[in-house]
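These notes are about the structure you will find just below.
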Amino acid sequence: MYGLCDCNNFFVSCERVFRPDLEGRPVVVLSNNDGCVVARSNEAKAIGIGMGQPYFQAKGLLERHGGTVFSSNFTLYGDLSRRVMTTLRSLVKEIEIYSIDEAFFNLEGHEEPLEELGHRIRNTIRRHTGIPVSIGIAPTKTLAKIAAKLAKQYPKLSGCCYMHREEDIRKVLSKFPLRDVWGIGRRYGKLFDQMQILTAQQFVELDKRWVQGRMGITGVRTWQELQGIPSLPLDDLSASRQQITVSRSFPHEIYDCGELERIVAEFATMCGEKLRRQGSVCRTIHCFLMTNRHRADQPQHTEEAHYRFSTPIDSTLALVKEGRELLRAIFREGFGYKKAGIILGGFEPRSTQQQSLFEPPSDPRHERLMEVLDRVNRHYGHGALKTAAEGEHPFQMNREHVSQRYTTEWGELLTVKAK
DNA sequence: TCTGGGGTCCTAGGACCC
DNA sequence: TCTGGGGTCCTAGGACCC
């Protein structure tokens with residue numbers, strides 16, 4: 001049996017931990033630059049605010065219902081996520097952290113009745129962190145996702161759904177919309193709508209060879225998982241990432257190459273910090289640039305370029321240098337750029353770094369320099385020490401409604417006032 | 001006026017190997 | 001005239017996820 005622990009409306013719940021006055025009222029959290037709605041309280045969903053809706057479209061509706069809006073505060077959400085995962089890890093044997101607000105766990109060898117255990121997990125996480133979660137328990141991960149959805153949907157389940165009898169599962173699947181199944185995205189959803197295959201049960205009744213031919217091995221796995229055949233093992237994702245990205249949309253279009261260079265240098269620096277934190281060196285760096293795709297009246301240009309280091313590196317100086325060169329290669333005069341990013345890939349562990357036979361080894365002085373750079377910035381805060389290429393003023397996003405970093409900054413602790 | 005960011009895995013095809 | 005069989009590795013692009 002697999003369990004899924006899914007935080008309810010996670011970003012909104014994080015804000016409500018420190019603002020209990022917002023219980024029962026519409027609350028939304030916005031993406032970077034206060035662009036789109038990325039989390040909604042149940043009340044905000046009920047008044048018709050959509051997921052991913054641009055804020056300027058939702059603003060009026062929210063205000064009419066006396067709702068509250070927050071800019072995203074990932075420092076806070078990341079810290080509360082860590083607390084939720086720590087609590088969960090103390091209650092079950094093995095967990096796979098799937099995203100900032102979800103984790104799977106394995107239930108083999110637990111003696112406590114599983115439904116009871118589910119409720120105990122839910123109550124403990126609520127008590128220790130203030131975050132409400134939904135628990136789904138079922139024979140496979142895909143079914144556990146469905147169970148967690150039901151737990152969220154039906155109040156009489158009190159936040160935990162244990163789904164294991166075959167006839168119960170079939171009954172659920174024959175009502176469950178196929179497009180809401182984990183692994184069925186927009187593209188396949190459309191295809192199945194056209195075929196009039198609307199429920200998960202109808203999908204399960206398709207021929208395996210058809211599924212294989214049309215959707216590949218990933219489709220077959222979903223098909224099997226829905227039948228209770230485990231096909232997605234619990235992954236140990238503690239291994240390091242395959243790719244590191246830092247990208248942002250800008251508040252305004254940027255026409256100046258020098259300004260973009262400073263921003264890209266900052267993104268490359270942030271990538272370098274992440275890279276060294278996971279103890280890797282990288283072989284490739286990509287830089288991309290795009291204009292505002294929502295402005296059909298303006299000329300469009302999107303381009304990407306990449307560079308391969310002859311010796312894998314983790315030095316911010318090398319990343320900044322190549323990042324800026326790539327940018328200069330793809331930048332075109334006269335276009336208003338709205339978004340840029342740096343992506344690192346081709347990772348190897350730093351400890352077993354392969355040297356090139358013909359190229360000179362990377363500058364050994366960088367290693368010491370990066371150690372000092374990271375130590376200074378850990379102690380005095382991000383950006384205390386930086387490359388000249390980044391310029392004086394760090395890249396700023398719109399964050400008009402940001403809350404305090406209650407749990408990670410001494411200066412921003414919650415203040416309690418006596419009445 | 002305003003429209004997010006960061007990931008994963010799979011597949012097909014090309015280069016290359018013996 | 002005729003031209004094998006069995007692999008690996010890499011990359012780009014497409015699907016998906018939260």
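Residue numbers start at 1 in each chain; chains themselves are named A, B, ... in the order of the structure tokens; ligands are numbered from 1 in the order shown.
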Dump as a ChimeraX atom specification the residues of chain B that approach chain A to within 9 Å, counting only C-alpha atoms (C1' of nucleotides). /B:2-11
Would you mind listing what lies within 9 Å of segment 165-181 of chain A as a count of residues only, with only C-alpha atoms (C1' of nucleotides) counted and same-chain residues fewer than 4 positions away left out? 23
Pick out the closest residue to Leu22 of chain A from this set: A:Leu4, A:Met85, A:Cys282, A:Ala44. Count only C-alpha atoms.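 For Leu22 of chain A, the nearest of the given residues is A:Ala44.
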Any chance you could list, as a PyMOL selection string, the residues in segment 101-215 of chain A that come up alpha helix (DSSP H) when DSSP is run on the backbone? chain A and resi 114-129+141-153+166-173+186-194+200-204+208-215
Write out as a list in words the residues lying within 9 Å of Glu94 of chain A, counting only C-alpha atoms (C1' of nucleotides) and excluding same-chain residues fewer than 5 positions away.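 Once the nearby chain positions are removed, what remains is Arg89, Phe104, Phe105, Asn106, Leu107 and Leu234 of chain A.
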Those same residues - all heavy atoms - I'd like them written as a PDB file, in the first residue's frame.
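What landed in selection_30.pdb:
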ATOM      1  N   ARG A  89       8.056  12.199   8.011  1.00  0.00           N
ATOM      2  CA  ARG A  89       9.134  11.214   8.052  1.00  0.00           C
ATOM      3  C   ARG A  89       9.212  10.536   9.417  1.00  0.00           C
ATOM      4  O   ARG A  89       9.604   9.366   9.518  1.00  0.00           O
ATOM      5  CB  ARG A  89      10.468  11.890   7.702  1.00  0.00           C
ATOM      6  CG  ARG A  89      11.567  10.916   7.361  1.00  0.00           C
ATOM      7  CD  ARG A  89      12.852  11.596   6.932  1.00  0.00           C
ATOM      8  NE  ARG A  89      12.872  11.960   5.523  1.00  0.00           N
ATOM      9  CZ  ARG A  89      13.067  13.177   5.058  1.00  0.00           C
ATOM     10  NH1 ARG A  89      13.241  14.174   5.884  1.00  0.00           N
ATOM     11  NH2 ARG A  89      13.087  13.405   3.768  1.00  0.00           N
ATOM     12  N   PHE A 104       4.852  10.994  -1.131  1.00  0.00           N
ATOM     13  CA  PHE A 104       4.357   9.619  -1.084  1.00  0.00           C
ATOM     14  C   PHE A 104       5.038   8.907   0.067  1.00  0.00           C
ATOM     15  O   PHE A 104       6.139   9.286   0.483  1.00  0.00           O
ATOM     16  CB  PHE A 104       4.696   8.885  -2.377  1.00  0.00           C
ATOM     17  CG  PHE A 104       3.915   9.352  -3.564  1.00  0.00           C
ATOM     18  CD1 PHE A 104       4.485  10.220  -4.483  1.00  0.00           C
ATOM     19  CD2 PHE A 104       2.607   8.916  -3.766  1.00  0.00           C
ATOM     20  CE1 PHE A 104       3.768  10.657  -5.591  1.00  0.00           C
ATOM     21  CE2 PHE A 104       1.881   9.342  -4.866  1.00  0.00           C
ATOM     22  CZ  PHE A 104       2.464  10.219  -5.777  1.00  0.00           C
ATOM     23  N   PHE A 105       4.386   7.867   0.580  1.00  0.00           N
ATOM     24  CA  PHE A 105       5.067   7.041   1.572  1.00  0.00           C
ATOM     25  C   PHE A 105       4.630   5.598   1.431  1.00  0.00           C
ATOM     26  O   PHE A 105       3.600   5.280   0.836  1.00  0.00           O
ATOM     27  CB  PHE A 105       4.843   7.565   2.994  1.00  0.00           C
ATOM     28  CG  PHE A 105       3.406   7.870   3.349  1.00  0.00           C
ATOM     29  CD1 PHE A 105       2.626   6.927   3.999  1.00  0.00           C
ATOM     30  CD2 PHE A 105       2.859   9.108   3.052  1.00  0.00           C
ATOM     31  CE1 PHE A 105       1.316   7.219   4.331  1.00  0.00           C
ATOM     32  CE2 PHE A 105       1.542   9.395   3.377  1.00  0.00           C
ATOM     33  CZ  PHE A 105       0.767   8.439   4.027  1.00  0.00           C
ATOM     34  N   ASN A 106       5.470   4.727   1.981  1.00  0.00           N
ATOM     35  CA  ASN A 106       5.296   3.294   1.872  1.00  0.00           C
ATOM     36  C   ASN A 106       4.658   2.788   3.161  1.00  0.00           C
ATOM     37  O   ASN A 106       5.067   3.196   4.235  1.00  0.00           O
ATOM     38  CB  ASN A 106       6.685   2.686   1.703  1.00  0.00           C
ATOM     39  CG  ASN A 106       6.608   1.288   1.190  1.00  0.00           C
ATOM     40  OD1 ASN A 106       5.618   0.600   1.421  1.00  0.00           O
ATOM     41  ND2 ASN A 106       7.640   0.864   0.488  1.00  0.00           N
ATOM     42  N   LEU A 107       3.689   1.884   3.067  1.00  0.00           N
ATOM     43  CA  LEU A 107       2.999   1.443   4.281  1.00  0.00           C
ATOM     44  C   LEU A 107       3.269   0.002   4.618  1.00  0.00           C
ATOM     45  O   LEU A 107       2.589  -0.572   5.475  1.00  0.00           O
ATOM     46  CB  LEU A 107       1.494   1.701   4.127  1.00  0.00           C
ATOM     47  CG  LEU A 107       1.196   3.195   4.209  1.00  0.00           C
ATOM     48  CD1 LEU A 107      -0.175   3.505   3.669  1.00  0.00           C
ATOM     49  CD2 LEU A 107       1.333   3.679   5.638  1.00  0.00           C
ATOM     50  N   LEU A 234       8.465   3.730  -5.307  1.00  0.00           N
ATOM     51  CA  LEU A 234       8.787   4.883  -4.474  1.00  0.00           C
ATOM     52  C   LEU A 234      10.220   5.280  -4.790  1.00  0.00           C
ATOM     53  O   LEU A 234      11.147   4.506  -4.586  1.00  0.00           O
ATOM     54  CB  LEU A 234       8.658   4.480  -2.996  1.00  0.00           C
ATOM     55  CG  LEU A 234       8.363   5.579  -2.000  1.00  0.00           C
ATOM     56  CD1 LEU A 234       6.973   6.161  -2.242  1.00  0.00           C
ATOM     57  CD2 LEU A 234       8.461   5.055  -0.588  1.00  0.00           C
TER      58      LEU A 234
END
Exercise: Ile131 of chain A partners within 12 Å, only C-alpha atoms (C1' of nucleotides), chain neighbours under 2 positions left out, as a PyMOL selection string: chain A and resi 5-18+20+77+80-85+87+101+121-129+133-134
